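Reviewing the structure listed below.
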Amino acid sequence: MKRLAQGASLFSVLAVASAALTGTATATGPVFGGHNFSGGNWGGYVSFGSFTTATASWVEPSVTCNSTNDLFAPWVGIDGDGSSTVEQTGVATDCSSGSPVYQAWYEMYPAAPVYYSNAVSAGDHITATVTRTGTNTYQLTISDTTKGWSKSVSKSLTSQHSSAEAIIESPTDSYPDISGGIKFTGVKFNGTNLASTNPSGLDADDQGIYTWSPSSIASDGTDFTMNRY
């Protein structure tokens with residue numbers, strides 16, 4: 001999910017539902033679009049620099065679908081802001097069936113995303129980490145500690161090492177109702193607390209009516225919450 005200006009991405013909408021039936025799958029077709037609306041489609045914190053690791057945790061939020069267009073994902077990644085690549089992993093919530101479908105995934109943009117068949121539910125504790133293990137090699141790990149599973153892959157990509165981020169994103173510019181917002185915890189880049197990496201806050205647009213904005217970083221230096229205003 002590459003960020004161009006305020007945001008861009010590659011993240012298939014249809015594959016969330018289809019991969020739940022077929023197992024792990026690469027996605028093509030409808031994507032988590034480009035910079036399609038004025039507010040941008042990335043919300044959270046980004047820090048600029050040549051980071052080798054980015055990690056964050058969150059509790060997968062309970063949502064109420066307002067329409068079949070609702071779609072969003074919290075994720076953690078390296079690159080994407082000011083670069084043409086993104087190495088990222090997170091959990092998508094897709095309302096295209098009328099009810100929320102949760103699915104973990106990783107993506108080495110501009111390659112298509114890959115979805116996991118492992119079950120994810122609202123209330124699950126998720127931890128995601130992206131690590132640059134060599135000049136152009138990465139390990140992407142996502143764990144559901146509530147359900148007791150973890151997935152990790154090693155991939156290669158010629159990348160620019162420009163940034164690290166903890167983000168929520170809706171390529172459709174349409175979020176469901178999210179109970180309690182989305183709280184990121186333990187956010188660290190290169191093992192350093194988020195607050196000490198000179199982060200910049202980003203707002204995400206929500207249907208041109210609402211805005212998802214990051215709170216101030218908590219006193220622990222790692223936690224923040226995305227709330228709709």
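Residue numbers start at 1 in each chain; chains themselves are named A, B, ... in the order of the structure tokens; ligands are numbered from 1 in the order shown.
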At a cut-off of 10 Å, can you tabulate as a tab-separated table every residue of segment 35-80 of chain A near segment 94-103 of chain A together with its closest atom pair and the distance in Å to one decimal, using only C-alpha atoms and ordering rows by chain then number?
```
residue	atom	partner	partner_atom	distance
A:Glu60	CA	A:Tyr102	CA	8.8
A:Ser62	CA	A:Pro100	CA	8.9
A:Val63	CA	A:Pro100	CA	7.1
A:Thr64	CA	A:Pro100	CA	7.5
A:Cys65	CA	A:Cys95	CA	6.0
A:Asn66	CA	A:Cys95	CA	8.3
A:Ser67	CA	A:Gly98	CA	6.8
A:Thr68	CA	A:Ser96	CA	4.1
A:Asn69	CA	A:Ser96	CA	6.0
A:Asp70	CA	A:Cys95	CA	5.3
A:Leu71	CA	A:Asp94	CA	4.7
A:Phe72	CA	A:Asp94	CA	6.9
A:Ala73	CA	A:Asp94	CA	8.7
```
Using DSSP assignments from the backbone, pull out every residue in segment 14-207 of chain A that falls under strand (DSSP E or B) and give it to me as a short mmCIF file (atom, residue, chain, number, x, y, z; two decimals) with N, CA and C atoms, in the first residue's frame.
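Written file, part_28.cif:
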```cif
data_model
loop_
_atom_site.label_atom_id
_atom_site.label_comp_id
_atom_site.auth_asym_id
_atom_site.auth_seq_id
_atom_site.Cartn_x
_atom_site.Cartn_y
_atom_site.Cartn_z
N ALA A 25 -3.82 -16.94 -0.46
CA ALA A 25 -3.94 -16.65 -1.88
C ALA A 25 -3.33 -15.31 -2.19
N THR A 26 -2.79 -15.18 -3.37
CA THR A 26 -2.40 -13.86 -3.84
C THR A 26 -3.62 -13.22 -4.48
N GLY A 43 -3.90 6.91 7.88
CA GLY A 43 -4.03 7.62 9.16
C GLY A 43 -3.20 6.92 10.21
N GLY A 44 -2.41 7.68 10.96
CA GLY A 44 -1.57 7.10 12.00
C GLY A 44 -0.31 7.92 12.16
N TYR A 45 0.83 7.24 12.37
CA TYR A 45 2.11 7.92 12.50
C TYR A 45 3.14 7.31 11.55
N VAL A 46 3.94 8.19 10.94
CA VAL A 46 5.03 7.77 10.09
C VAL A 46 6.30 8.49 10.53
N SER A 47 7.41 7.78 10.52
CA SER A 47 8.71 8.37 10.80
C SER A 47 9.61 8.14 9.60
N PHE A 48 10.37 9.16 9.26
CA PHE A 48 11.20 9.08 8.05
C PHE A 48 12.63 8.69 8.41
N THR A 53 13.40 -2.14 11.29
CA THR A 53 12.30 -2.89 11.88
C THR A 53 11.20 -1.94 12.33
N ALA A 54 9.97 -2.43 12.20
CA ALA A 54 8.80 -1.70 12.68
C ALA A 54 7.86 -2.72 13.30
N THR A 55 7.36 -2.41 14.49
CA THR A 55 6.47 -3.35 15.18
C THR A 55 5.36 -2.60 15.88
N ALA A 56 4.20 -3.21 15.98
CA ALA A 56 3.05 -2.63 16.67
C ALA A 56 2.08 -3.74 17.04
N SER A 57 1.27 -3.46 18.05
CA SER A 57 0.21 -4.38 18.46
C SER A 57 -1.11 -3.62 18.51
N TRP A 58 -2.20 -4.36 18.42
CA TRP A 58 -3.52 -3.77 18.60
C TRP A 58 -4.52 -4.89 18.91
N VAL A 59 -5.65 -4.50 19.48
CA VAL A 59 -6.77 -5.42 19.64
C VAL A 59 -7.70 -5.20 18.46
N VAL A 63 -16.70 -4.10 14.89
CA VAL A 63 -17.23 -3.10 13.97
C VAL A 63 -18.68 -3.41 13.64
N THR A 64 -19.38 -2.37 13.20
CA THR A 64 -20.72 -2.50 12.64
C THR A 64 -20.68 -1.99 11.22
N LEU A 71 -14.51 -0.88 4.36
CA LEU A 71 -13.29 -1.68 4.27
C LEU A 71 -12.16 -0.92 4.92
N PHE A 72 -11.41 -1.56 5.82
CA PHE A 72 -10.25 -0.88 6.40
C PHE A 72 -9.28 -1.91 6.94
N ALA A 73 -8.06 -1.43 7.20
CA ALA A 73 -7.03 -2.29 7.77
C ALA A 73 -6.08 -1.49 8.65
N PRO A 74 -5.81 -1.95 9.87
CA PRO A 74 -4.63 -1.48 10.61
C PRO A 74 -3.43 -2.32 10.17
N TRP A 75 -2.26 -1.67 10.03
CA TRP A 75 -1.08 -2.40 9.62
C TRP A 75 0.18 -1.68 10.09
N VAL A 76 1.29 -2.40 10.00
CA VAL A 76 2.60 -1.83 10.29
C VAL A 76 3.50 -2.11 9.10
N GLY A 77 4.41 -1.17 8.81
CA GLY A 77 5.24 -1.40 7.63
C GLY A 77 6.48 -0.54 7.58
N ILE A 78 7.27 -0.79 6.56
CA ILE A 78 8.46 -0.01 6.23
C ILE A 78 8.28 0.50 4.79
N ASP A 79 8.74 1.72 4.54
CA ASP A 79 8.64 2.36 3.22
C ASP A 79 7.20 2.82 2.94
N ASP A 81 6.03 5.96 2.21
CA ASP A 81 5.84 7.41 2.25
C ASP A 81 7.08 8.04 1.63
N VAL A 86 6.40 -0.76 -0.53
CA VAL A 86 5.96 -0.89 0.86
C VAL A 86 6.09 -2.35 1.25
N GLU A 87 6.59 -2.59 2.46
CA GLU A 87 6.67 -3.93 3.02
C GLU A 87 5.83 -3.90 4.29
N GLN A 88 4.70 -4.63 4.31
CA GLN A 88 3.71 -4.39 5.35
C GLN A 88 2.91 -5.65 5.68
N THR A 89 2.32 -5.65 6.88
CA THR A 89 1.45 -6.74 7.30
C THR A 89 0.43 -6.22 8.29
N GLY A 90 -0.78 -6.78 8.22
CA GLY A 90 -1.85 -6.32 9.10
C GLY A 90 -3.08 -7.19 8.96
N VAL A 91 -4.23 -6.63 9.35
CA VAL A 91 -5.51 -7.34 9.30
C VAL A 91 -6.54 -6.46 8.60
N ALA A 92 -7.19 -7.03 7.58
CA ALA A 92 -8.25 -6.31 6.87
C ALA A 92 -9.61 -6.69 7.44
N THR A 93 -10.51 -5.72 7.49
CA THR A 93 -11.91 -5.96 7.81
C THR A 93 -12.73 -5.54 6.60
N ASP A 94 -13.44 -6.51 6.01
CA ASP A 94 -14.16 -6.30 4.76
C ASP A 94 -15.66 -6.51 5.00
N VAL A 101 -15.73 -9.37 7.77
CA VAL A 101 -14.86 -10.53 7.59
C VAL A 101 -13.44 -10.06 7.88
N TYR A 102 -12.78 -10.71 8.84
CA TYR A 102 -11.43 -10.32 9.27
C TYR A 102 -10.42 -11.28 8.64
N GLN A 103 -9.33 -10.72 8.10
CA GLN A 103 -8.31 -11.59 7.52
C GLN A 103 -6.94 -10.93 7.56
N ALA A 104 -5.98 -11.70 8.04
CA ALA A 104 -4.59 -11.23 8.10
C ALA A 104 -3.95 -11.35 6.73
N TRP A 105 -2.97 -10.52 6.46
CA TRP A 105 -2.32 -10.48 5.15
C TRP A 105 -0.94 -9.86 5.26
N TYR A 106 -0.15 -10.04 4.21
CA TYR A 106 1.08 -9.27 4.06
C TYR A 106 1.17 -8.82 2.63
N GLU A 107 2.01 -7.82 2.39
CA GLU A 107 2.16 -7.30 1.04
C GLU A 107 3.56 -6.74 0.84
N MET A 108 4.12 -7.06 -0.31
CA MET A 108 5.40 -6.49 -0.74
C MET A 108 5.10 -5.65 -1.98
N TYR A 109 4.49 -4.50 -1.78
CA TYR A 109 4.08 -3.64 -2.89
C TYR A 109 5.31 -3.25 -3.72
N VAL A 114 -0.94 -11.00 -0.11
CA VAL A 114 -1.19 -12.41 0.18
C VAL A 114 -1.98 -12.48 1.47
N TYR A 115 -3.09 -13.22 1.44
CA TYR A 115 -3.98 -13.35 2.60
C TYR A 115 -3.78 -14.71 3.25
N HIS A 125 -5.97 -10.23 20.05
CA HIS A 125 -4.76 -9.43 20.22
C HIS A 125 -3.79 -9.76 19.08
N ILE A 126 -3.43 -8.73 18.33
CA ILE A 126 -2.58 -8.89 17.14
C ILE A 126 -1.25 -8.17 17.36
N THR A 127 -0.17 -8.81 16.96
CA THR A 127 1.14 -8.17 16.93
C THR A 127 1.73 -8.38 15.54
N ALA A 128 2.22 -7.28 14.95
CA ALA A 128 2.78 -7.34 13.60
C ALA A 128 4.17 -6.70 13.59
N THR A 129 5.08 -7.34 12.86
CA THR A 129 6.46 -6.84 12.79
C THR A 129 7.00 -7.02 11.37
N VAL A 130 7.63 -5.98 10.85
CA VAL A 130 8.35 -6.06 9.58
C VAL A 130 9.82 -5.76 9.87
N THR A 131 10.71 -6.66 9.43
CA THR A 131 12.13 -6.52 9.71
C THR A 131 12.92 -6.61 8.41
N ARG A 132 13.78 -5.63 8.18
CA ARG A 132 14.70 -5.71 7.04
C ARG A 132 15.91 -6.53 7.49
N THR A 133 16.06 -7.71 6.91
CA THR A 133 17.10 -8.64 7.34
C THR A 133 18.37 -8.53 6.50
N GLY A 134 18.29 -7.83 5.37
CA GLY A 134 19.44 -7.61 4.50
C GLY A 134 19.17 -6.37 3.68
N THR A 137 16.09 -7.66 1.70
CA THR A 137 15.34 -8.82 2.17
C THR A 137 14.59 -8.47 3.45
N TYR A 138 13.41 -9.06 3.60
CA TYR A 138 12.52 -8.71 4.69
C TYR A 138 11.87 -9.95 5.28
N GLN A 139 11.60 -9.88 6.58
CA GLN A 139 10.77 -10.87 7.24
C GLN A 139 9.52 -10.17 7.76
N LEU A 140 8.36 -10.71 7.43
CA LEU A 140 7.08 -10.13 7.83
C LEU A 140 6.36 -11.14 8.72
N THR A 141 6.05 -10.74 9.94
CA THR A 141 5.47 -11.65 10.92
C THR A 141 4.20 -11.03 11.49
N ILE A 142 3.14 -11.81 11.57
CA ILE A 142 1.92 -11.38 12.23
C ILE A 142 1.42 -12.51 13.10
N SER A 143 1.01 -12.18 14.33
CA SER A 143 0.60 -13.17 15.31
C SER A 143 -0.75 -12.80 15.90
N ASP A 144 -1.60 -13.78 16.07
CA ASP A 144 -2.85 -13.63 16.81
C ASP A 144 -2.65 -14.38 18.12
N TRP A 149 -1.90 -18.38 16.92
CA TRP A 149 -1.20 -18.67 15.68
C TRP A 149 -0.27 -17.52 15.31
N SER A 150 0.73 -17.84 14.51
CA SER A 150 1.69 -16.85 14.02
C SER A 150 2.12 -17.25 12.61
N LYS A 151 2.23 -16.27 11.73
CA LYS A 151 2.68 -16.52 10.36
C LYS A 151 3.87 -15.60 10.07
N SER A 152 4.89 -16.15 9.43
CA SER A 152 6.09 -15.38 9.12
C SER A 152 6.60 -15.80 7.75
N VAL A 153 6.95 -14.81 6.94
CA VAL A 153 7.50 -15.08 5.62
C VAL A 153 8.74 -14.24 5.40
N SER A 154 9.65 -14.72 4.58
CA SER A 154 10.83 -13.96 4.17
C SER A 154 10.71 -13.66 2.69
N LYS A 155 10.90 -12.39 2.32
CA LYS A 155 10.72 -11.96 0.95
C LYS A 155 11.83 -10.99 0.55
N SER A 156 12.05 -10.88 -0.76
CA SER A 156 13.03 -9.95 -1.29
C SER A 156 12.34 -8.87 -2.10
N SER A 163 11.02 5.05 5.23
CA SER A 163 10.14 5.39 6.35
C SER A 163 9.71 4.13 7.07
N ALA A 164 9.06 4.33 8.22
CA ALA A 164 8.38 3.26 8.95
C ALA A 164 7.08 3.84 9.48
N GLU A 165 6.05 2.98 9.64
CA GLU A 165 4.76 3.53 10.01
C GLU A 165 3.86 2.49 10.68
N ALA A 166 2.90 3.02 11.47
CA ALA A 166 1.78 2.26 12.01
C ALA A 166 0.53 3.00 11.55
N ILE A 167 -0.34 2.32 10.78
CA ILE A 167 -1.33 3.00 9.95
C ILE A 167 -2.68 2.29 10.00
N ILE A 168 -3.78 3.06 9.83
CA ILE A 168 -5.06 2.49 9.40
C ILE A 168 -5.35 3.06 8.02
N GLU A 169 -6.07 2.25 7.22
CA GLU A 169 -6.30 2.66 5.84
C GLU A 169 -7.63 2.10 5.34
N ASP A 177 -18.57 1.49 11.53
CA ASP A 177 -18.52 2.01 12.89
C ASP A 177 -17.58 1.11 13.69
N ILE A 178 -16.62 1.73 14.36
CA ILE A 178 -15.59 0.99 15.07
C ILE A 178 -15.68 1.33 16.55
N ILE A 182 -9.35 2.66 17.32
CA ILE A 182 -8.32 1.65 17.09
C ILE A 182 -7.07 2.08 17.84
N LYS A 183 -6.70 1.30 18.85
CA LYS A 183 -5.55 1.64 19.67
C LYS A 183 -4.34 0.81 19.29
N PHE A 184 -3.27 1.49 18.87
CA PHE A 184 -1.99 0.84 18.64
C PHE A 184 -1.17 0.89 19.93
N THR A 185 -0.52 -0.20 20.27
CA THR A 185 0.33 -0.26 21.46
C THR A 185 1.69 -0.81 21.09
N GLY A 186 2.68 -0.48 21.91
CA GLY A 186 4.02 -1.02 21.72
C GLY A 186 4.65 -0.67 20.38
N VAL A 187 4.32 0.50 19.84
CA VAL A 187 4.85 0.87 18.52
C VAL A 187 6.32 1.28 18.67
N LYS A 188 7.17 0.57 17.96
CA LYS A 188 8.60 0.86 18.00
C LYS A 188 9.19 0.71 16.60
N PHE A 189 10.10 1.60 16.26
CA PHE A 189 10.85 1.53 15.02
C PHE A 189 12.33 1.40 15.38
N THR A 192 13.15 1.47 19.00
CA THR A 192 13.03 2.75 19.70
C THR A 192 11.57 3.15 19.79
N ASN A 193 11.17 3.66 20.94
CA ASN A 193 9.79 4.08 21.11
C ASN A 193 9.39 5.06 20.02
N SER A 200 5.50 11.84 12.41
CA SER A 200 4.52 12.79 11.89
C SER A 200 3.15 12.13 11.90
N GLY A 201 2.14 12.85 12.40
CA GLY A 201 0.79 12.33 12.42
C GLY A 201 0.10 12.52 11.08
N LEU A 202 -0.72 11.53 10.69
CA LEU A 202 -1.48 11.58 9.44
C LEU A 202 -2.96 11.37 9.73
N ALA A 204 -6.74 10.32 8.18
CA ALA A 204 -7.37 9.55 7.11
C ALA A 204 -8.79 10.05 6.89
N ASP A 205 -9.14 10.22 5.63
CA ASP A 205 -10.48 10.68 5.28
C ASP A 205 -11.49 9.53 5.41
N ASP A 206 -12.72 9.87 5.78
CA ASP A 206 -13.80 8.90 5.92
C ASP A 206 -15.04 9.46 5.23
#
```
Tell me which protein, DNA and RNA residues are within 6 Å of Ser213 of chain A, counting only C-alpha atoms, leaving out same-chain ones fewer than 4 positions away, and put them as a ChimeraX atom specification. /A:203,226-227
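Between atom CA of Thr222 of chain A and atom CA of Ser196 of chain A the separation is 9.0 Å.
Between atom CA of Ala122 of chain A and atom CA of Pro171 of chain A the interatomic distance comes to 20.6 Å.
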